[in-house]
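Trainee: What follows is structure04.txt, made up of compact mmCIF, C-alpha atoms:
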```txt
# COMPACT_ATOMS: atom_id res chain seq x y z
CA MET A 1 120.82 129.91 75.53
CA GLY A 2 121.23 128.95 79.13
CA VAL A 3 121.44 125.56 80.68
CA ALA A 4 118.87 124.78 83.34
CA VAL A 5 120.36 123.33 86.50
CA VAL A 6 118.05 121.09 88.49
CA SER A 7 118.76 120.92 92.19
CA VAL A 8 118.06 117.70 94.04
CA PHE A 9 117.13 119.67 97.16
CA ALA A 10 114.78 122.10 95.45
CA GLU A 11 111.30 122.78 96.74
CA PRO A 12 108.80 120.12 95.70
CA ASP A 13 107.04 120.89 92.48
CA SER A 14 103.87 119.44 91.03
CA PHE A 15 105.72 116.41 89.61
CA GLU A 16 106.97 115.36 93.04
CA GLN A 17 103.49 115.69 94.54
CA ASP A 18 101.71 113.74 91.81
CA GLY A 19 99.94 110.66 93.16
CA HIS A 20 101.33 108.34 90.48
CA VAL A 21 104.88 109.41 91.18
CA ILE A 22 104.42 108.94 94.92
CA MET A 23 102.92 105.47 94.35
CA SER A 24 105.80 104.56 92.05
CA GLU A 25 108.31 105.64 94.69
CA TYR A 26 106.41 103.66 97.30
CA LEU A 27 106.38 100.50 95.18
CA LEU A 28 110.07 100.89 94.32
CA ILE A 29 111.09 101.25 97.97
CA PHE A 30 108.77 98.40 98.96
CA SER A 31 110.23 96.13 96.27
CA LEU A 32 113.78 96.98 97.30
CA LEU A 33 113.03 96.32 100.97
CA LEU A 34 111.29 93.06 100.09
CA GLY A 35 114.39 91.98 98.14
CA VAL A 36 116.65 92.93 101.05
CA CYS A 37 114.40 90.94 103.41
CA LEU A 38 114.57 87.85 101.20
CA ILE A 39 118.36 88.09 100.96
CA LEU A 40 118.65 88.65 104.71
CA GLN A 41 116.43 85.64 105.42
CA TYR A 42 118.58 83.50 103.14
CA PHE A 43 121.74 84.61 104.92
CA VAL A 44 120.24 84.00 108.38
CA LYS A 45 119.05 80.51 107.51
CA HIS A 46 121.67 79.14 105.11
CA VAL A 47 124.89 81.16 105.35
CA TRP A 48 125.10 82.25 109.00
CA LYS A 49 122.96 79.30 110.22
CA LEU A 50 121.55 81.20 113.18
CA LYS A 51 119.31 78.81 115.12
CA TYR A 52 117.86 81.30 117.58
CA LEU A 53 116.87 84.01 115.10
CA PRO A 54 113.92 83.04 112.88
CA ASP A 55 113.43 84.57 109.45
CA SER A 56 110.69 86.82 110.73
CA GLY A 57 112.98 88.06 113.51
CA ALA A 58 115.59 89.15 110.95
CA THR A 59 112.87 90.92 108.97
CA LEU A 60 111.64 92.61 112.15
CA LEU A 61 115.16 93.83 112.98
CA LEU A 62 115.52 95.22 109.45
CA GLY A 63 112.19 97.02 109.86
CA ILE A 64 113.39 98.53 113.14
CA VAL A 65 116.57 99.80 111.47
CA ILE A 66 114.69 101.27 108.50
CA GLY A 67 112.02 102.78 110.78
CA GLY A 68 114.76 104.32 112.94
CA ALA A 69 116.41 105.81 109.85
CA ILE A 70 113.11 107.33 108.78
CA ARG A 71 112.42 108.60 112.29
CA PHE A 72 115.83 110.25 112.62
CA SER A 73 115.58 111.80 109.17
CA MET A 74 112.55 113.83 110.27
CA ASN A 75 112.76 117.20 111.97
CA ALA A 76 110.73 118.25 115.01
CA GLU A 77 107.61 119.14 112.99
CA GLY A 78 107.47 115.69 111.38
CA LYS A 79 108.62 116.97 108.00
CA ALA A 80 111.43 115.41 106.02
CA ALA A 81 114.82 116.95 106.64
CA PRO A 82 116.41 118.66 103.59
CA MET A 83 118.97 115.90 103.11
CA ALA A 84 116.43 113.07 103.45
CA GLY A 85 114.99 113.05 99.95
CA LEU A 86 114.47 109.29 100.01
CA PHE A 87 112.00 109.35 102.88
CA ASN A 88 109.03 111.20 101.46
CA PRO A 89 106.48 111.97 104.22
CA ALA A 90 103.70 110.94 101.86
CA LEU A 91 105.15 107.42 101.86
CA LEU A 92 104.89 107.08 105.62
CA GLY A 93 101.11 106.81 105.69
CA PHE A 94 99.61 103.37 106.17
CA SER A 95 96.04 102.44 105.41
CA PRO A 96 94.14 99.33 106.50
CA THR A 97 93.28 98.66 102.87
CA VAL A 98 96.96 98.27 101.99
CA PHE A 99 97.41 95.91 104.93
CA TYR A 100 94.38 93.71 104.24
CA PHE A 101 94.78 93.49 100.46
CA GLY A 102 98.53 93.94 100.06
CA PHE A 103 100.34 92.47 103.05
CA LEU A 104 98.02 89.96 104.72
CA PRO A 105 97.37 87.61 101.74
CA PRO A 106 101.10 86.93 101.14
CA ILE A 107 101.59 86.24 104.86
CA ILE A 108 98.73 83.74 104.92
CA PHE A 109 99.83 82.20 101.62
CA SER A 110 103.40 81.82 102.86
CA SER A 111 102.25 80.16 106.07
CA GLY A 112 100.05 77.73 104.17
CA TYR A 113 102.64 77.05 101.48
CA HIS A 114 105.42 76.23 103.93
CA LEU A 115 103.17 74.11 106.14
CA LYS A 116 104.29 70.52 106.44
CA ARG A 117 101.04 68.60 105.90
CA ARG A 118 102.21 65.37 107.52
CA LEU A 119 103.10 67.14 110.78
CA PHE A 120 99.94 69.23 110.64
CA PHE A 121 97.57 66.26 110.32
CA ARG A 122 99.55 64.21 112.83
CA ASN A 123 98.95 66.95 115.42
CA ILE A 124 95.47 68.07 114.36
CA ARG A 125 93.81 67.18 117.68
CA SER A 126 96.34 69.14 119.70
CA ILE A 127 96.10 72.07 117.30
CA LEU A 128 92.30 72.17 117.49
CA LEU A 129 92.35 71.78 121.27
CA LEU A 130 94.75 74.68 121.69
CA ALA A 131 93.08 76.83 119.05
CA LEU A 132 89.47 76.39 120.15
CA VAL A 133 89.55 75.59 123.86
CA GLY A 134 92.67 77.64 124.56
CA THR A 135 91.24 80.69 122.83
CA CYS A 136 87.99 80.43 124.80
CA ILE A 137 89.85 80.04 128.10
CA SER A 138 92.13 82.96 127.27
CA THR A 139 89.15 85.13 126.33
CA ALA A 140 87.37 84.30 129.58
CA LEU A 141 90.43 84.90 131.79
CA VAL A 142 91.33 88.23 130.20
CA SER A 143 87.71 89.41 130.19
CA VAL A 144 87.06 88.53 133.83
CA GLY A 145 90.42 89.93 134.95
CA LEU A 146 89.89 93.19 133.08
CA TYR A 147 86.35 93.57 134.41
CA PHE A 148 87.46 93.16 138.03
CA MET A 149 90.47 95.42 137.54
CA ALA A 150 88.30 98.13 135.97
CA SER A 151 85.67 97.91 138.71
CA SER A 152 88.15 97.79 141.59
CA GLU A 153 89.20 100.86 143.53
CA ILE A 154 92.83 99.72 143.59
CA PHE A 155 93.44 99.91 139.84
CA ASN A 156 90.90 102.62 139.07
CA PRO A 157 90.82 105.11 141.98
CA GLY A 158 89.37 108.58 142.25
CA PRO A 159 86.28 110.44 141.20
CA ASN A 160 87.25 110.28 137.51
CA ALA A 161 87.26 106.48 137.48
CA PHE A 162 86.00 104.95 134.27
CA LYS A 163 83.74 101.93 134.15
CA LEU A 164 83.92 99.24 131.52
CA SER A 165 80.87 97.21 130.59
CA VAL A 166 80.98 93.44 130.39
CA MET A 167 80.68 93.63 126.59
CA GLU A 168 83.72 95.92 126.36
CA CYS A 169 85.76 93.56 128.53
CA VAL A 170 84.73 90.50 126.48
CA THR A 171 85.52 92.35 123.26
CA PHE A 172 88.98 93.25 124.50
CA GLY A 173 89.53 89.71 125.81
CA SER A 174 88.57 88.18 122.47
CA LEU A 175 90.83 90.64 120.67
CA LEU A 176 93.82 89.58 122.74
CA ALA A 177 92.95 85.89 122.65
CA SER A 178 92.72 85.84 118.86
CA THR A 179 96.34 86.98 118.54
CA ASP A 180 97.68 83.89 120.33
CA PRO A 181 97.08 81.40 117.47
CA VAL A 182 98.22 83.96 114.89
CA ARG A 183 101.52 84.88 116.47
CA VAL A 184 102.91 81.33 116.25
CA PHE A 185 102.88 81.34 112.41
CA PRO A 186 106.56 82.32 111.99
CA VAL A 187 107.81 79.82 114.61
CA PRO A 188 109.75 77.14 112.76
CA VAL A 189 108.74 73.53 113.42
```
Render the structure in this file as structure tokens.

Mentor:
Amino acid sequence: MGVAVVSVFAEPDSFEQDGHVIMSEYLLIFSLLLGVCLILQYFVKHVWKLKYLPDSGATLLLGIVIGGAIRFSMNAEGKAAPMAGLFNPALLGFSPTVFYFGFLPPIIFSSGYHLKRRLFFRNIRSILLLALVGTCISTALVSVGLYFMASSEIFNPGPNAFKLSVMECVTFGSLLASTDPVRVFPVPV
């Protein structure tokens, strides 16, 4: 009777490529990173008392470090290096469904939960003015600027110049303008 020795760095078998196992690994890593983010945010706010680094900034820096570790653990073909068993290439995919149903609701809930109602209703006119009028002005300025830049010979020279329609410029302008009210969510008041 022999003893079977299992190598950690063996070729992937059917168990490692099973969808349930990959999803379990993904959820485990996600839960661990979420816990690390919560601990890091606590330390930034309460222990280190950093005034110029918001909680979301600390989370962003952690994401950059983890993303860099994943990036440097890959070889030139985009496959996981032999020693990088933690970073499964199947975990690196990102679908819009995961974002819209997994990540976006907690972000919106957190923003609404931590909203100070008294300050919000005290400043409701300013908020509506900036959100509605400011977004329309931003959309118009970006759309008009992009249209003139795309139709000008200075920014778009040569025989292979591309032309943008007015609808494409307005669509791009509204896309950029809609990010302005959203990006101020993590700014502490």

Trainee: Return as AutoDock Vina command-line options the box centre and box size in Å, one decimal, for an axis-aligned box around all listed atoms of stretch 110-129 of chain A padded by 3 Å per side.

Mentor:
```
--center_x 98.9 --center_y 73.0 --center_z 111.4 --size_x 19.1 --size_y 23.6 --size_z 25.8
```

Trainee: Would you mind reading off the distance between atom CA of A:Leu62 and atom CA of A:Leu176, one decimal, in Å?

Mentor: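 Going from atom CA of A:Leu62 over to atom CA of A:Leu176 covers 26.1 Å.
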
Trainee: Which polymer residues have any atom within 7 Å of an atom of stretch 54-59 of chain A, counting only C-alpha atoms, with same-chain residues fewer than 5 positions away left out, as a PyMOL selection string?

Mentor: chain A and resi 37+40-41+44+186

Trainee: Which residues, written as a ChimeraX atom specification, have at least one atom at most 12 Å from A:Ser151, with all atoms listed in the file counted and residues fewer than 2 positions away on the same chain left out?

Mentor: /A:144-149,153-158,161-166,169

Trainee: I need the chosen residues saved as a short mmCIF file (atom, residue, chain, number, x, y, z; two decimals), keeping the file's coordinate frame, with C-alpha atoms.

Mentor:
```cif
data_model
loop_
_atom_site.label_atom_id
_atom_site.label_comp_id
_atom_site.auth_asym_id
_atom_site.auth_seq_id
_atom_site.Cartn_x
_atom_site.Cartn_y
_atom_site.Cartn_z
CA VAL A 144 87.06 88.53 133.83
CA GLY A 145 90.42 89.93 134.95
CA LEU A 146 89.89 93.19 133.08
CA TYR A 147 86.35 93.57 134.41
CA PHE A 148 87.46 93.16 138.03
CA MET A 149 90.47 95.42 137.54
CA GLU A 153 89.20 100.86 143.53
CA ILE A 154 92.83 99.72 143.59
CA PHE A 155 93.44 99.91 139.84
CA ASN A 156 90.90 102.62 139.07
CA PRO A 157 90.82 105.11 141.98
CA GLY A 158 89.37 108.58 142.25
CA ALA A 161 87.26 106.48 137.48
CA PHE A 162 86.00 104.95 134.27
CA LYS A 163 83.74 101.93 134.15
CA LEU A 164 83.92 99.24 131.52
CA SER A 165 80.87 97.21 130.59
CA VAL A 166 80.98 93.44 130.39
CA CYS A 169 85.76 93.56 128.53
#
```

Trainee: Work out how far atom CA of A:Leu141 is from atom CA of A:Ile124, in Å to one decimal.

Mentor: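 If I compute the distance from atom CA of A:Ile124 to atom CA of A:Leu141, I get 24.7 Å.
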
Trainee: Enter the distance from atom CA of A:Asn123 to atom CA of A:Ile137, in Å, rounded to one decimal.

Mentor: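 Atom CA of A:Ile137 lies 20.4 Å from atom CA of A:Asn123.
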
Trainee: With a distance cut-off of 12 Å and all atoms listed in the file, select the neighbouring residues of A:Cys136, excluding the residue or stretch itself and same-chain residues fewer than 4 positions from it, and output the selection as JSON, numbers by chain.

Mentor: {"A": [128, 129, 130, 131, 132, 140, 141, 142, 143, 170, 173, 174, 175, 176, 177, 178, 180, 181]}

Trainee: Which one of A:Leu34, A:Leu28, A:Val133, A:Val47 sits closest to A:Pro106 if you count only C-alpha atoms?

Mentor: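 Under the stated criterion, the closest residue is A:Leu34.
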